[in-house]
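J.: Once you've had a glance at the structure underneath, I'll fire off some questions.
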Amino acid sequence: MDTDVVIAGAGPTGLMLACELRLAGVDVTLVERLAERTGESRAGGMHSRTLEVLDQRGVLDRFLAAGTLQKVGHFSALRLDFDGVESRHPLPLMILQSAVERLLEEWATELGVRVRWSSEVSGFGQDEAGVTVGLRTAEGAPTSLRARYLVGCDGGRSTVRKLAGIAFPGTPATLTALIGDVELPGLCEDYIWARRCAAGDFSVIAFEPGWYRVLTFEYDR
């Protein structure tokens with residue numbers, strides 16, 4: 001065995017699982033098809049239960065230092081006030097996914113997790129003893145890892161899920177959504193949770209001085 005567990009996907013899900021496994025003494029190798037992190041903002045925050053879990057693991061302070069606690073939020077554009085939530089950490093933390101991934105990777109490295117970039121799962125073979133994971137690397141030469149388990153944390157279009165023949169049932173899309181991190185001069189409000197318009201909805205959320213996340217929704221398909 002090269003490792004106990006191979007995790008495909010070095011996003012927040014794969015990184016958190018890798019850390020949990022290392023805390024239990026399990027040897028872990030993370031493989032990621034990307035050559036490096038994109039730096040895209042993506043998800044924008046954490047709620048109370050996530051903060052509680054990070055606190056239980058003793059790493060919450062580093063995430064609090066990289067984000068901003070918010071007293072209000074929304075669910076489907078309905079304003080929510082979090083002051084009355086019964087928790088040690090009732091307020092949601094505004095923190096970009098890019099920062100979350102960086103901090104989780106630092107923690108994973110401290111725990112001894114190995115991360116292999118430019119390593120895309122190309123196939124696997126399973127037997128009674130474990131699994132052989134085929135990898136496609138930047139060098140072009142195929143390679144493989146032998147492990148007891150393979151875990152797919154590689155997103156909604158998961159290669160591992162498809163190779164394993166696991167269905168992903170659902171319903172067709174009913175809207176078109178776009179997201180952009182943009183500079184907006186002179187916006188009169190810090191937050192626009194949602195504005196209903198004739199052609200659809202939009203939201204504008206301030207992250208740092210001068211730049212915002214803009215989301216648009218069209219209910220056309």
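Within each chain, counting starts at residue 1; across the structure tokens, chains are named A, B, ... in the order shown, with ligands numbered 1 upward in that order.
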Hey, which bits of stretch 29-49 of chain A sit within 9 Å of stretch 79-103 of chain A, and for each residue what's the closest pair of atoms and how far apart in Å (one decimal), counting only C-alpha atoms, rows by chain and increasing number, as CSV?
T.:
residue,atom,partner,partner_atom,distance
A:Arg37,CA,A:Ser98,CA,8.0
A:Thr38,CA,A:Ser98,CA,8.0
A:Gly39,CA,A:Ser98,CA,5.6
A:Glu40,CA,A:Ser98,CA,6.2
A:Ser41,CA,A:Leu96,CA,5.3
A:Arg42,CA,A:Gln97,CA,5.6
A:Ala43,CA,A:Gln97,CA,5.0
A:Gly44,CA,A:Leu96,CA,4.5
A:Gly45,CA,A:Met94,CA,4.3
A:Met46,CA,A:Leu93,CA,5.2
A:His47,CA,A:Pro92,CA,4.5
A:Ser48,CA,A:Pro90,CA,5.4
A:Arg49,CA,A:His89,CA,8.1
J.: Let's see if you can do this: from backbone DSSP, list all strand (DSSP E) residues in chain A, as JSON, numbers by chain.
T.: {"A": [3, 4, 5, 6, 7, 8, 28, 29, 30, 31, 45, 46, 68, 69, 72, 73, 74, 75, 78, 79, 80, 81, 93, 94, 114, 115, 116, 119, 120, 121, 122, 123, 124, 125, 126, 131, 132, 133, 134, 135, 136, 137, 143, 144, 145, 146, 147, 148, 149, 150, 151, 152, 176, 177, 178, 179, 180, 181, 182, 183, 191, 192, 193, 194, 195, 196, 201, 202, 203, 204, 205, 206, 207, 208, 211, 212, 213, 214, 215, 216, 217, 218]}
J.: Do a neighbour search on A:Gly155 at 10 Å with only C-alpha atoms, toss out local chain neighbours closer than 6 positions, and write the hits as a CSV table (one decimal) with N, CA and C atoms, in the first residue's frame.
T.:
chain,number,residue,atom,x,y,z
A,8,ALA,N,-9.7,12.1,-3.9
A,8,ALA,CA,-9.7,12.9,-5.2
A,8,ALA,C,-10.4,14.2,-4.9
A,9,GLY,N,-9.6,15.3,-5.1
A,9,GLY,CA,-10.2,16.7,-5.0
A,9,GLY,C,-9.7,17.4,-3.7
A,11,GLY,N,-10.4,20.5,-2.7
A,11,GLY,CA,-11.3,21.6,-2.3
A,11,GLY,C,-11.6,21.5,-0.8
A,13,THR,N,-14.0,20.2,0.9
A,13,THR,CA,-14.5,18.9,1.3
A,13,THR,C,-13.4,17.9,1.5
A,14,GLY,N,-12.6,17.8,0.4
A,14,GLY,CA,-11.4,16.8,0.5
A,14,GLY,C,-10.4,17.2,1.5
A,161,ARG,N,-17.1,9.3,-9.1
A,161,ARG,CA,-18.5,8.9,-9.1
A,161,ARG,C,-18.9,8.3,-10.4
J.: If we count only C-alpha atoms, what is near A:Arg196 at a cut-off of 12 Å, once residues fewer than 2 positions away on the same chain are taken out, given as an NGL selection string?
T.: :A and (76-77 or 192-194 or 198-203 or 216-219)
J.: Can I get the selected residues back with all heavy atoms, as a JSON list (two decimals), in the first residue's frame?
T.:
[["chain", "number", "residue", "atom", "x", "y", "z"],
["A", 76, "SER", "N", -32.72, 32.96, 0.92],
["A", 76, "SER", "CA", -33.58, 33.26, -0.24],
["A", 76, "SER", "C", -34.07, 34.71, -0.20],
["A", 76, "SER", "O", -35.23, 35.00, -0.45],
["A", 76, "SER", "CB", -34.76, 32.30, -0.28],
["A", 76, "SER", "OG", -35.45, 32.41, -1.51],
["A", 77, "ALA", "N", -33.13, 35.61, 0.15],
["A", 77, "ALA", "CA", -33.37, 37.06, 0.19],
["A", 77, "ALA", "C", -34.21, 37.50, 1.38],
["A", 77, "ALA", "O", -34.56, 38.68, 1.49],
["A", 77, "ALA", "CB", -33.98, 37.56, -1.11],
["A", 192, "ILE", "N", -26.78, 44.52, -1.07],
["A", 192, "ILE", "CA", -28.09, 44.41, -1.69],
["A", 192, "ILE", "C", -28.39, 42.92, -1.74],
["A", 192, "ILE", "O", -27.88, 42.19, -2.60],
["A", 192, "ILE", "CB", -28.12, 45.02, -3.11],
["A", 192, "ILE", "CG1", -27.77, 46.50, -3.05],
["A", 192, "ILE", "CG2", -29.49, 44.82, -3.74],
["A", 192, "ILE", "CD1", -27.65, 47.15, -4.42],
["A", 193, "TRP", "N", -29.15, 42.42, -0.75],
["A", 193, "TRP", "CA", -29.37, 40.97, -0.67],
["A", 193, "TRP", "C", -30.08, 40.46, -1.91],
["A", 193, "TRP", "O", -29.75, 39.42, -2.44],
["A", 193, "TRP", "CB", -30.16, 40.63, 0.58],
["A", 193, "TRP", "CG", -29.42, 40.87, 1.85],
["A", 193, "TRP", "CD1", -29.79, 41.70, 2.88],
["A", 193, "TRP", "CD2", -28.17, 40.30, 2.25],
["A", 193, "TRP", "NE1", -28.84, 41.67, 3.88],
["A", 193, "TRP", "CE2", -27.84, 40.82, 3.52],
["A", 193, "TRP", "CE3", -27.29, 39.40, 1.66],
["A", 193, "TRP", "CZ2", -26.69, 40.47, 4.21],
["A", 193, "TRP", "CZ3", -26.14, 39.05, 2.34],
["A", 193, "TRP", "CH2", -25.84, 39.59, 3.59],
["A", 194, "ALA", "N", -31.08, 41.19, -2.36],
["A", 194, "ALA", "CA", -31.77, 40.80, -3.59],
["A", 194, "ALA", "C", -32.68, 41.93, -4.05],
["A", 194, "ALA", "O", -33.33, 42.58, -3.23],
["A", 194, "ALA", "CB", -32.60, 39.54, -3.38],
["A", 198, "ALA", "N", -37.87, 43.02, -13.59],
["A", 198, "ALA", "CA", -38.75, 42.40, -14.57],
["A", 198, "ALA", "C", -38.12, 41.19, -15.24],
["A", 198, "ALA", "O", -38.80, 40.20, -15.53],
["A", 198, "ALA", "CB", -39.15, 43.45, -15.62],
["A", 199, "ALA", "N", -36.81, 41.25, -15.49],
["A", 199, "ALA", "CA", -36.15, 40.17, -16.20],
["A", 199, "ALA", "C", -35.49, 39.14, -15.27],
["A", 199, "ALA", "O", -34.97, 38.13, -15.73],
["A", 199, "ALA", "CB", -35.09, 40.74, -17.15],
["A", 200, "GLY", "N", -35.49, 39.41, -13.95],
["A", 200, "GLY", "CA", -34.84, 38.49, -13.02],
["A", 200, "GLY", "C", -34.44, 39.21, -11.75],
["A", 200, "GLY", "O", -34.95, 40.29, -11.45],
["A", 201, "ASP", "N", -33.51, 38.63, -11.00],
["A", 201, "ASP", "CA", -33.06, 39.19, -9.73],
["A", 201, "ASP", "C", -31.56, 39.46, -9.79],
["A", 201, "ASP", "O", -30.85, 38.88, -10.61],
["A", 201, "ASP", "CB", -33.32, 38.23, -8.57],
["A", 201, "ASP", "CG", -34.76, 37.74, -8.52],
["A", 201, "ASP", "OD1", -35.62, 38.41, -9.11],
["A", 201, "ASP", "OD2", -34.99, 36.68, -7.92],
["A", 202, "PHE", "N", -31.09, 40.34, -8.86],
["A", 202, "PHE", "CA", -29.65, 40.50, -8.72],
["A", 202, "PHE", "C", -29.32, 40.80, -7.27],
["A", 202, "PHE", "O", -30.15, 41.28, -6.50],
["A", 202, "PHE", "CB", -29.10, 41.60, -9.64],
["A", 202, "PHE", "CG", -29.43, 43.00, -9.22],
["A", 202, "PHE", "CD1", -28.55, 43.71, -8.40],
["A", 202, "PHE", "CD2", -30.60, 43.62, -9.64],
["A", 202, "PHE", "CE1", -28.84, 45.01, -8.00],
["A", 202, "PHE", "CE2", -30.90, 44.91, -9.25],
["A", 202, "PHE", "CZ", -30.02, 45.61, -8.42],
["A", 203, "SER", "N", -28.08, 40.47, -6.88],
["A", 203, "SER", "CA", -27.57, 40.76, -5.55],
["A", 203, "SER", "C", -26.19, 41.36, -5.67],
["A", 203, "SER", "O", -25.45, 41.05, -6.61],
["A", 203, "SER", "CB", -27.49, 39.48, -4.70],
["A", 203, "SER", "OG", -28.76, 38.90, -4.52],
["A", 216, "THR", "N", -26.42, 37.54, -10.72],
["A", 216, "THR", "CA", -27.65, 37.78, -11.48],
["A", 216, "THR", "C", -28.38, 36.45, -11.69],
["A", 216, "THR", "O", -27.75, 35.40, -11.85],
["A", 216, "THR", "CB", -27.35, 38.41, -12.85],
["A", 216, "THR", "OG1", -26.57, 37.50, -13.64],
["A", 216, "THR", "CG2", -26.57, 39.71, -12.68],
["A", 217, "PHE", "N", -29.70, 36.51, -11.70],
["A", 217, "PHE", "CA", -30.53, 35.31, -11.85],
["A", 217, "PHE", "C", -31.61, 35.60, -12.88],
["A", 217, "PHE", "O", -32.36, 36.58, -12.75],
["A", 217, "PHE", "CB", -31.20, 34.93, -10.53],
["A", 217, "PHE", "CG", -30.22, 34.76, -9.39],
["A", 217, "PHE", "CD1", -29.90, 35.85, -8.59],
["A", 217, "PHE", "CD2", -29.65, 33.54, -9.14],
["A", 217, "PHE", "CE1", -29.02, 35.71, -7.52],
["A", 217, "PHE", "CE2", -28.74, 33.39, -8.08],
["A", 217, "PHE", "CZ", -28.43, 34.47, -7.29],
["A", 218, "GLU", "N", -31.68, 34.75, -13.90],
["A", 218, "GLU", "CA", -32.74, 34.84, -14.90],
["A", 218, "GLU", "C", -33.51, 33.52, -14.89],
["A", 218, "GLU", "O", -32.93, 32.45, -15.05],
["A", 218, "GLU", "CB", -32.15, 35.08, -16.29],
["A", 218, "GLU", "CG", -31.44, 36.41, -16.46],
["A", 218, "GLU", "CD", -30.87, 36.55, -17.85],
["A", 218, "GLU", "OE1", -31.63, 36.91, -18.76],
["A", 218, "GLU", "OE2", -29.68, 36.27, -18.03],
["A", 219, "TYR", "N", -34.83, 33.62, -14.71],
["A", 219, "TYR", "CA", -35.67, 32.41, -14.62],
["A", 219, "TYR", "C", -36.20, 32.04, -16.00],
["A", 219, "TYR", "O", -37.38, 32.10, -16.26],
["A", 219, "TYR", "CB", -36.80, 32.65, -13.62],
["A", 219, "TYR", "CG", -36.27, 32.97, -12.23],
["A", 219, "TYR", "CD1", -36.09, 34.29, -11.82],
["A", 219, "TYR", "CD2", -35.92, 31.95, -11.35],
["A", 219, "TYR", "CE1", -35.58, 34.58, -10.57],
["A", 219, "TYR", "CE2", -35.41, 32.24, -10.10],
["A", 219, "TYR", "CZ", -35.24, 33.54, -9.72],
["A", 219, "TYR", "OH", -34.73, 33.83, -8.48]]
J.: Would you kindly return, as an NGL selection string, each protein, DNA or RNA residue with an atom no farther than 8 Å from any atom of A:Leu184, considering only C-alpha atoms and excluding same-chain residues fewer than 4 positions away?
T.: :A and (210-212)
J.: Using only C-alpha atoms, which protein or nucleic acid residues come within 10 Å of A:Phe168? Drop anything in the same chain fewer than 4 positions from it, and give the result as a list in words.
T.: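 Counting only C-alpha atoms, the residues come to Gly156, Arg157, Ser158, Arg161 and Lys162 of chain A.
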J.: Okay, now the selection with C-alpha atoms, as a PDB file, in the first residue's frame?
T.:
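Contents of the output file out_20.pdb:
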ATOM      1  CA  GLY A 156     -20.661  17.676  -8.911  1.00  0.00           C
ATOM      2  CA  ARG A 157     -19.063  16.312 -12.101  1.00  0.00           C
ATOM      3  CA  SER A 158     -17.045  13.820 -10.031  1.00  0.00           C
ATOM      4  CA  ARG A 161     -18.516   8.900  -9.055  1.00  0.00           C
ATOM      5  CA  LYS A 162     -18.818   8.332 -12.798  1.00  0.00           C
TER       6      LYS A 162
END
J.: Kindly give the distance, in Å, that separates atom CA of A:Gly112 and atom CA of A:Gln126, rounded to a single decimal.
T.: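 Atom CA of A:Gln126 lies 25.9 Å from atom CA of A:Gly112.
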J.: Could you find all residues in stretch 7-194 of chain A that DSSP calls alpha helix (DSSP H) from the backbone, and write them as a ChimeraX atom specification?
T.: /A:12-23,48-56,60-64,97-111,159-164
J.: Quote the spacing between atom CA of A:Thr137 and atom CA of A:Gly152 in Å to one decimal place.
T.: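 Computed distance, atom CA of A:Thr137 to atom CA of A:Gly152, equals 17.6 Å.
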J.: To one decimal place, how far is atom CA of A:Ile7 from atom CA of A:Val151 in Å?
T.: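 Atom CA of A:Val151 lies 4.8 Å from atom CA of A:Ile7.
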J.: Which residues are near A:Asp4? Cut-off 10 Å, only C-alpha atoms, ignore same chain within fewer than 5 positions. Put them as an MDAnalysis selection string.
T.: chainID A and resid 21 26:29 130 146:150
J.: What does the file look like for those residues with N, CA and C atoms, as an mmCIF file, in the first residue's frame?
T.:
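Here's the written file part-v1.cif:
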data_model
loop_
_atom_site.group_PDB
_atom_site.id
_atom_site.type_symbol
_atom_site.label_atom_id
_atom_site.label_comp_id
_atom_site.auth_asym_id
_atom_site.auth_seq_id
_atom_site.Cartn_x
_atom_site.Cartn_y
_atom_site.Cartn_z
ATOM 1 N N LEU A 21 -9.192 12.468 8.913
ATOM 2 C CA LEU A 21 -8.566 11.153 8.852
ATOM 3 C C LEU A 21 -7.190 11.166 9.516
ATOM 4 N N VAL A 26 -4.858 8.056 10.276
ATOM 5 C CA VAL A 26 -4.934 7.421 8.961
ATOM 6 C C VAL A 26 -3.995 8.131 7.991
ATOM 7 N N ASP A 27 -3.238 7.377 7.215
ATOM 8 C CA ASP A 27 -2.339 7.946 6.211
ATOM 9 C C ASP A 27 -3.154 8.365 4.986
ATOM 10 N N VAL A 28 -2.970 9.601 4.527
ATOM 11 C CA VAL A 28 -3.815 10.174 3.477
ATOM 12 C C VAL A 28 -2.974 10.810 2.385
ATOM 13 N N THR A 29 -3.388 10.587 1.134
ATOM 14 C CA THR A 29 -2.822 11.299 -0.006
ATOM 15 C C THR A 29 -3.954 11.966 -0.767
ATOM 16 N N GLY A 130 -8.044 -3.804 -1.597
ATOM 17 C CA GLY A 130 -7.988 -2.359 -1.731
ATOM 18 C C GLY A 130 -8.284 -1.906 -3.140
ATOM 19 N N ARG A 146 -1.630 2.785 -4.812
ATOM 20 C CA ARG A 146 -2.333 1.664 -4.219
ATOM 21 C C ARG A 146 -2.787 2.056 -2.812
ATOM 22 N N ALA A 147 -4.089 1.890 -2.527
ATOM 23 C CA ALA A 147 -4.637 2.318 -1.244
ATOM 24 C C ALA A 147 -5.731 1.354 -0.793
ATOM 25 N N ARG A 148 -6.099 1.506 0.448
ATOM 26 C CA ARG A 148 -7.217 0.708 0.953
ATOM 27 C C ARG A 148 -8.553 1.279 0.510
ATOM 28 N N TYR A 149 -8.618 2.613 0.386
ATOM 29 C CA TYR A 149 -9.859 3.270 -0.009
ATOM 30 C C TYR A 149 -9.574 4.421 -0.963
ATOM 31 N N LEU A 150 -10.543 4.675 -1.846
ATOM 32 C CA LEU A 150 -10.552 5.861 -2.701
ATOM 33 C C LEU A 150 -11.832 6.629 -2.406
#
